>>> print(open('my_file19.txt').read())   # compact mmCIF, C-alpha atoms
# COMPACT_ATOMS: atom_id res chain seq x y z
CA MET A 1474 5.10 13.14 -27.78
CA ASP A 1475 4.45 10.39 -30.31
CA LYS A 1476 5.21 7.55 -27.91
CA LYS A 1477 2.25 5.22 -27.47
CA GLY A 1478 3.34 4.01 -24.08
CA ILE A 1479 5.98 2.16 -22.14
CA GLU A 1480 6.56 -1.21 -20.50
CA ILE A 1481 8.55 -1.20 -17.25
CA TYR A 1482 10.23 -4.19 -15.58
CA MET A 1483 10.82 -3.95 -11.82
CA ASN A 1484 12.67 -6.37 -9.52
CA SER A 1485 11.21 -8.16 -6.53
CA GLY A 1486 13.44 -8.78 -3.51
CA ILE A 1487 14.30 -10.38 -0.18
CA SER A 1488 14.61 -8.54 3.13
CA VAL A 1489 18.18 -8.63 4.44
CA ILE A 1490 17.85 -5.99 7.18
CA SER A 1491 14.36 -4.63 7.77
CA ALA A 1492 14.29 -0.93 8.64
CA PHE A 1493 11.44 -1.13 11.18
CA ALA A 1494 13.71 -1.07 14.25
CA ALA A 1495 16.49 1.39 13.37
CA TRP A 1496 15.40 3.04 10.08
CA LYS A 1497 18.40 1.43 8.39
CA GLY A 1498 17.82 -1.37 5.93
CA ALA A 1499 19.20 -3.68 3.27
CA ALA A 1500 17.44 -5.60 0.51
CA LEU A 1501 18.49 -8.11 -2.13
CA ALA A 1502 17.03 -7.93 -5.64
CA LEU A 1503 15.39 -10.97 -7.27
CA ASP A 1504 14.71 -11.47 -10.97
CA ARG A 1505 11.01 -12.31 -10.47
CA GLN A 1506 9.71 -9.09 -12.04
CA MET A 1507 6.66 -6.93 -11.94
CA ILE A 1508 5.84 -5.89 -15.50
CA MET A 1509 3.61 -2.88 -16.06
CA ARG A 1510 2.35 -1.16 -19.18
CA ILE A 1511 1.74 2.59 -18.98
CA THR A 1512 -0.21 4.34 -21.71
CA ARG A 1513 -1.74 7.78 -22.16
CA THR A 1514 -5.52 7.63 -22.51
CA ASP A 1515 -8.51 9.99 -22.43
CA SER A 1516 -10.30 7.95 -19.76
CA PRO A 1517 -7.77 6.22 -17.52
CA LYS A 1518 -8.94 3.02 -15.81
CA ASN A 1519 -6.82 2.24 -12.78
CA THR A 1520 -7.08 0.59 -9.39
CA ARG A 1521 -7.55 2.79 -6.33
CA ASN A 1522 -3.88 2.56 -5.26
CA ILE A 1523 -2.62 3.37 -8.75
CA ASN A 1524 -4.94 6.38 -8.97
CA MET A 1525 -3.68 7.58 -5.59
CA ILE A 1526 -0.06 7.31 -6.74
CA LEU A 1527 -0.77 9.23 -9.95
CA LYS A 1528 -2.70 11.95 -8.10
CA ILE A 1529 0.17 12.47 -5.67
CA LEU A 1530 2.60 12.70 -8.58
CA SER A 1531 0.44 15.30 -10.29
CA ARG A 1532 0.27 17.29 -7.05
CA GLU A 1533 4.02 17.09 -6.39
CA VAL A 1534 5.28 17.60 -9.94
CA GLY A 1535 2.59 19.88 -11.33
CA LYS A 1536 1.82 17.87 -14.46
CA GLU A 1537 -1.58 16.30 -14.94
CA SER A 1538 -1.63 12.53 -15.26
CA ASP A 1539 -3.86 10.95 -17.91
CA LEU A 1540 -2.12 7.60 -17.67
CA THR A 1541 -3.46 4.07 -17.49
CA VAL A 1542 -1.28 1.55 -15.66
CA GLU A 1543 -1.85 -2.12 -16.44
CA ILE A 1544 -0.04 -4.79 -14.44
CA LEU A 1545 0.97 -7.55 -16.86
CA GLN A 1546 2.93 -9.68 -14.37
CA LYS A 1547 2.59 -9.46 -10.59
CA ILE A 1548 4.87 -10.00 -7.64
CA PRO A 1549 2.94 -11.78 -4.84
CA SER A 1550 1.73 -9.07 -2.45
CA GLY A 1551 1.82 -9.09 1.35
CA MET A 1552 4.70 -11.60 1.32
CA GLY A 1553 7.69 -9.33 1.93
CA LEU A 1554 8.79 -9.60 -1.71
CA LYS A 1555 8.77 -5.81 -2.38
CA SER A 1556 5.64 -5.76 -4.53
CA SER A 1557 4.52 -2.37 -3.20
CA SER A 1558 7.93 -0.81 -3.80
CA ALA A 1559 8.08 -2.24 -7.32
CA LEU A 1560 4.62 -0.84 -8.05
CA VAL A 1561 5.26 2.64 -6.66
CA ALA A 1562 8.77 3.07 -8.10
CA GLY A 1563 7.69 1.65 -11.46
CA ILE A 1564 4.80 4.10 -11.75
CA VAL A 1565 6.98 7.01 -10.63
CA LYS A 1566 9.66 6.08 -13.15
CA GLY A 1567 7.08 5.64 -15.92
CA TYR A 1568 5.35 8.93 -15.07
CA PHE A 1569 8.58 10.87 -15.48
CA LEU A 1570 9.49 9.06 -18.69
CA MET A 1571 6.05 9.62 -20.21
CA ASN A 1572 6.25 13.31 -19.31
CA GLU A 1573 9.84 13.60 -20.63
CA ILE A 1574 11.20 14.64 -17.22
CA GLU A 1575 14.73 13.47 -16.40
CA LYS A 1576 15.16 12.15 -12.88
CA GLU A 1577 18.08 10.39 -11.19
CA THR A 1578 17.47 7.19 -9.23
CA ALA A 1579 17.86 9.03 -5.91
CA GLU A 1580 15.07 11.43 -6.88
CA ILE A 1581 12.78 8.58 -7.94
CA VAL A 1582 13.44 6.86 -4.60
CA SER A 1583 12.77 10.06 -2.65
CA ILE A 1584 9.35 10.70 -4.16
CA SER A 1585 8.48 6.97 -4.19
CA SER A 1586 9.32 6.78 -0.48
CA LYS A 1587 7.06 9.74 0.27
CA ILE A 1588 4.22 8.19 -1.72
CA SER A 1589 4.69 4.79 -0.03
CA ARG A 1590 4.19 6.40 3.38
CA GLU A 1591 1.26 8.53 2.23
CA ILE A 1592 -0.72 5.63 0.75
CA ARG A 1593 0.22 3.48 3.76
CA VAL A 1594 2.10 0.63 2.14
CA SER A 1595 5.25 1.34 4.18
CA THR A 1596 6.08 2.79 7.58
CA THR A 1597 9.71 3.67 6.79
CA GLY A 1598 9.36 4.65 3.13
CA ALA A 1599 11.17 1.42 2.13
CA ALA A 1600 14.21 3.06 0.54
CA ASP A 1601 16.07 -0.27 0.74
CA ASP A 1602 13.35 -2.05 -1.21
CA LEU A 1603 13.02 0.80 -3.72
CA TYR A 1604 16.75 0.87 -4.47
CA ALA A 1605 16.90 -2.92 -4.86
CA SER A 1606 13.97 -2.85 -7.27
CA LEU A 1607 15.52 -0.04 -9.30
CA LEU A 1608 19.25 -0.90 -9.17
CA GLY A 1609 19.51 -4.64 -8.49
CA GLY A 1610 22.17 -6.18 -6.27
CA LEU A 1611 22.36 -5.78 -2.49
CA CYS A 1612 21.31 -2.25 -1.49
CA VAL A 1613 22.09 -0.90 1.98
CA THR A 1614 20.21 2.27 2.90
CA ASP A 1615 19.52 4.93 5.51
CA ASN A 1616 15.75 5.14 5.32
CA ARG A 1617 15.42 8.36 7.31
CA LYS A 1618 17.46 10.10 4.62
CA ASN A 1619 16.21 7.92 1.73
CA SER A 1620 19.88 7.54 0.86
CA LEU A 1621 21.91 4.65 -0.56
CA ALA A 1622 24.81 3.94 1.77
CA ARG A 1623 26.32 1.03 -0.15
CA ARG A 1624 25.48 -1.21 -3.08
CA TYR A 1625 27.11 -4.58 -3.74
CA ASN A 1626 27.11 -6.87 -6.75
CA ILE A 1627 26.37 -10.40 -5.57
CA SER A 1628 26.85 -13.86 -7.04
CA PRO A 1629 23.56 -14.85 -8.73
CA THR A 1630 21.92 -17.52 -6.59
CA ASP A 1631 18.69 -19.50 -6.93
CA TYR A 1632 16.01 -19.31 -4.24
CA ILE A 1633 12.66 -20.91 -3.72
CA MET A 1634 10.28 -18.41 -2.14
CA ILE A 1635 7.49 -20.14 -0.19
CA MET A 1636 4.37 -18.07 0.50
CA ALA A 1637 2.53 -18.01 3.82
CA PRO A 1638 -1.24 -18.68 3.77
CA LYS A 1639 -1.90 -15.14 5.12
CA LYS A 1640 -0.64 -11.78 3.93
CA ILE A 1641 1.09 -9.35 6.30
CA SER A 1642 1.12 -5.64 5.48
CA SER A 1643 4.36 -3.77 6.13
CA TYR A 1644 2.26 -0.94 7.53
CA GLU A 1645 1.07 -3.28 10.31
CA MET A 1646 4.62 -3.31 11.70
CA LYS A 1647 4.08 0.29 12.86
CA LYS A 1648 2.11 -1.17 15.77
CA VAL A 1649 4.95 -3.46 16.91
CA ASP A 1650 7.45 -2.15 19.49
CA LEU A 1651 10.91 -3.09 18.21
CA SER A 1652 12.87 -0.49 20.19
CA HIS A 1653 14.76 -3.21 22.06
CA LEU A 1654 16.30 -4.28 18.74
CA LYS A 1655 17.66 -0.88 17.71
CA PHE A 1656 21.24 -1.51 18.94
CA ALA A 1657 21.36 -4.99 17.37
CA TYR A 1658 20.08 -3.67 14.04
CA ASN A 1659 22.58 -0.82 13.97
CA ARG A 1660 25.40 -3.34 14.43
CA MET A 1661 23.99 -5.58 11.69
CA TRP A 1662 23.65 -2.61 9.32
CA GLN A 1663 27.25 -1.53 9.88
CA ARG A 1664 28.54 -5.02 9.08
CA VAL A 1665 26.36 -6.26 6.22
CA ASN A 1666 28.19 -6.90 2.95
CA ALA A 1667 28.15 -9.11 -0.14
CA TYR A 1668 29.61 -12.06 1.78
CA ASN A 1669 27.39 -12.22 4.85
CA TYR A 1670 24.01 -10.95 3.62
CA GLU A 1671 22.35 -14.37 3.90
CA ASP A 1672 23.42 -14.62 7.55
CA MET A 1673 21.96 -11.17 8.15
CA ALA A 1674 18.72 -12.13 6.38
CA LEU A 1675 18.40 -15.20 8.59
CA ILE A 1676 18.99 -13.18 11.79
CA ASN A 1677 16.61 -10.48 10.57
CA GLY A 1678 13.79 -12.96 10.06
CA PHE A 1679 14.40 -14.51 13.48
CA TYR A 1680 14.36 -11.12 15.25
CA LEU A 1681 11.19 -9.90 13.57
CA SER A 1682 9.18 -13.10 13.78
CA THR A 1683 9.97 -13.71 17.45
CA SER A 1684 9.46 -10.06 18.44
CA SER A 1685 6.27 -9.43 16.49
CA GLY A 1686 4.62 -12.85 16.74
CA LYS A 1687 3.89 -12.67 13.01
CA THR A 1688 5.23 -16.11 12.16
CA MET A 1689 4.15 -18.29 9.26
CA ASP A 1690 3.13 -21.91 9.58
CA MET A 1691 6.29 -23.73 8.59
CA PRO A 1692 5.98 -26.11 5.63
CA ASP A 1693 7.31 -29.64 5.77
CA LEU A 1694 10.91 -29.33 4.55
CA ARG A 1695 11.82 -33.00 4.80
CA GLY A 1696 13.29 -34.44 1.63
CA LEU A 1697 14.14 -31.05 0.13
CA ARG A 1698 17.71 -30.40 -1.03
CA PHE A 1699 18.29 -26.74 -0.12
CA ASN A 1700 21.55 -25.61 1.47
CA TRP A 1701 20.26 -22.55 3.33
CA ALA A 1702 16.88 -21.44 4.64
CA GLY A 1703 15.44 -18.49 6.50
CA ILE A 1704 12.28 -16.52 7.26
CA ASN A 1705 11.96 -13.55 4.93
CA GLY A 1706 11.61 -10.31 6.87
CA LYS A 1707 8.36 -9.99 8.80
CA GLY A 1708 7.52 -13.66 8.38
CA SER A 1709 5.18 -13.81 5.42
CA SER A 1710 7.45 -15.95 3.26
CA LEU A 1711 10.38 -18.35 3.54
CA PHE A 1712 13.48 -18.50 1.37
CA LEU A 1713 15.40 -21.66 0.49
CA ARG A 1714 18.80 -21.28 -1.18
CA TYR A 1715 20.09 -23.63 -3.91
CA ASP A 1716 23.30 -24.03 -5.88
CA LYS A 1717 21.57 -25.57 -8.90
CA ARG A 1718 18.39 -24.39 -10.63
CA GLU A 1719 17.38 -27.94 -11.61
CA VAL A 1720 17.46 -29.03 -7.96
CA ALA A 1721 15.30 -26.06 -6.97
CA ALA A 1722 12.85 -26.81 -9.79
CA GLY A 1723 12.44 -30.37 -8.52
CA ASP A 1724 11.79 -29.19 -4.96
CA VAL A 1725 9.15 -26.71 -6.14
CA GLU A 1726 6.93 -29.60 -7.20
CA LYS A 1727 7.33 -31.27 -3.81
CA ILE A 1728 6.47 -28.05 -1.98
CA ARG A 1729 3.38 -27.46 -4.11
CA ARG A 1730 2.17 -31.01 -3.47
CA ARG A 1731 2.38 -30.15 0.24
CA GLY A 1732 -0.10 -27.34 -0.29
CA TYR A 1733 2.14 -24.26 -0.42
CA ASN A 1734 2.44 -21.62 -3.12
CA CYS A 1735 6.04 -21.04 -4.18
CA PHE A 1736 8.27 -20.02 -7.07
CA VAL A 1737 11.95 -20.04 -8.07
CA ALA A 1738 13.83 -16.76 -8.49
CA LYS A 1739 17.48 -15.80 -8.88
CA SER A 1740 19.23 -12.93 -7.12
CA THR A 1741 20.24 -10.35 -9.70
CA ASN A 1742 22.56 -7.40 -10.19
CA THR A 1743 20.44 -6.11 -13.07
CA GLY A 1744 18.29 -3.10 -12.34
CA ALA A 1745 14.88 -2.02 -13.58
CA SER A 1746 14.45 -1.59 -17.34
CA TYR A 1747 11.87 -0.32 -19.79
CA LYS A 1748 10.98 -0.26 -23.46
CA TRP A 1749 8.81 2.07 -25.53
CA LEU A 1750 5.85 0.28 -27.05
CA ASN A 1751 6.34 1.74 -30.52
CA ASP A 1752 10.09 1.04 -30.76
>>> encode(input="my_file19.txt", output="C-alpha cells")
Amino acid sequence: MDKKGIEIYMNSGISVISAFAAWKGAALALDRQMIMRITRTDSPKNTRNINMILKILSREVGKESDLTVEILQKIPSGMGLKSSSALVAGIVKGYFLMNEIEKETAEIVSISSKISREIRVSTTGAADDLYASLLGGLCVTDNRKNSLARRYNISPTDYIMIMAPKKISSYEMKKVDLSHLKFAYNRMWQRVNAYNYEDMALINGFYLSTSSGKTMDMPDLRGLRFNWAGINGKGSSLFLRYDKREVAAGDVEKIRRRGYNCFVAKSTNTGASYKWLND
C-alpha cells in the first residue's frame, strides 16, 4: 500500500435513551467531531487505551497493527458526548481501511462494541452511540444484539452543551440498580421517533439522574434564551436547544462568564468520513 495514512472524522452525540436499564438505546449525532490521524510507522507511539484497541483488533482480525493514532481534535470525555465510542469506532474503521479490509457499518459496530466492553469504557457496548457516530441522525438500537432497529433523519438544530465540573464514566453505571426502570425504558424505546426524541432525552436524563444520584451542579440559566433544556444521559452535561445559531453563540459567552465550560454544536444527519493523507 502506498497510502501514507488517513484522517477520520467521527461525530459526537447526545443520549436520547440510555441503554443501561433495558439494553435498548437511542442517540442523536452532533457535528462536534473527533478528528484522528492514523499512520503506519515502525515505532508506534500511542496512549494506553489506543494500544489496547489496536491489540484487540490484531487478535480478532489476525493482522498485526503497526499504526500510530494521533487525536487532532477531541470530544470532551466523561461528559456523555460519545467520546469513547467515537474513539473506538474511528480506530476500528481506520484499522480496516489501512489494512484494505472491507467492512460494513454493522460489522464495525459489532467489533467496536466488543472492544468497548473489554477496555471498560461501556457496560452495554454502546451500539446506539457507535451507530450515531458512524451514521449520523437519530439511531435507535438493540444493544444486546448490537443491531440498528431504526434510523431517522432529523432537522438540524443548534445546542449548547454545558459540561459538569466532574467526569462520570459510563462504566460506573454498572454499579447502579436501574431494574425498576426497565418497563418504562422499553415503552420509551418503542415510541421514540424523529418528532419526540427531545422529549425522550429529557425524560431519560431525569430518570438516570434521580435514580443514580449522579447529578451535575446546575448552572445559572437566568437571562439565557434557549427554548428547550435537559440533562444529558447520566448527568455529566446539560443540553440547551436553540432555533438560531447567533442566539446560542451569545449565550455561550454568558455561560462561560459564569464559570462553566460549554460549546455550540448542531445535530447532524451526516455520518463519519475520512480522507487519505496523500490524496
>>> atom_distance(input="my_file19.txt", atom1="CA of Ile1574 in chain A", atom2="CA of Leu1621 in chain A")
22.2 Å
>>> closest_residue(input="my_file19.txt", among="A:Thr1514, A:Asp1650, A:Ile1523, A:Pro1638", to="Asp1539 in chain A", atoms="all atoms listed in the file")
A:Thr1514
>>> closest_residue(input="my_file19.txt", among="A:Met1636, A:Ala1622, A:Ala1674, A:Ala1605", to="Val1489 in chain A", atoms="only C-alpha atoms")
A:Ala1674
>>> closest_residue(input="my_file19.txt", among="A:Val1582, A:Leu1608, A:Met1552, A:Ile1511", to="Gly1567 in chain A", atoms="only C-alpha atoms")
A:Ile1511
>>> atom_distance(input="my_file19.txt", atom1="CA of Gly1498 in chain A", atom2="CA of Asn1522 in chain A")
24.7 Å
>>> closest_residue(input="my_file19.txt", among="A:Ile1548, A:Leu1603, A:Ala1745, A:Ile1479", to="Asn1616 in chain A", atoms="all atoms listed in the file")
A:Leu1603
>>> closest_atom_pairs(input="my_file19.txt", of="range 1499-1521 of chain A", to="range 1746-1751 of chain A", cutoff="10 Å", atoms="only C-alpha atoms", output="tab-separated table")
residue	atom	partner	partner_atom	distance
A:Ile1508	CA	A:Tyr1747	CA	9.3
A:Met1509	CA	A:Tyr1747	CA	9.4
A:Arg1510	CA	A:Leu1750	CA	8.7
A:Ile1511	CA	A:Leu1750	CA	9.3
A:Thr1512	CA	A:Leu1750	CA	9.0
>>> write_last_selection(input="my_file19.txt", atoms="C-alpha atoms", output="tab-separated table (two decimals), keeping the file's coordinate frame")
chain	number	residue	atom	x	y	z
A	1508	ILE	CA	5.84	-5.89	-15.50
A	1509	MET	CA	3.61	-2.88	-16.06
A	1510	ARG	CA	2.35	-1.16	-19.18
A	1511	ILE	CA	1.74	2.59	-18.98
A	1512	THR	CA	-0.21	4.34	-21.71
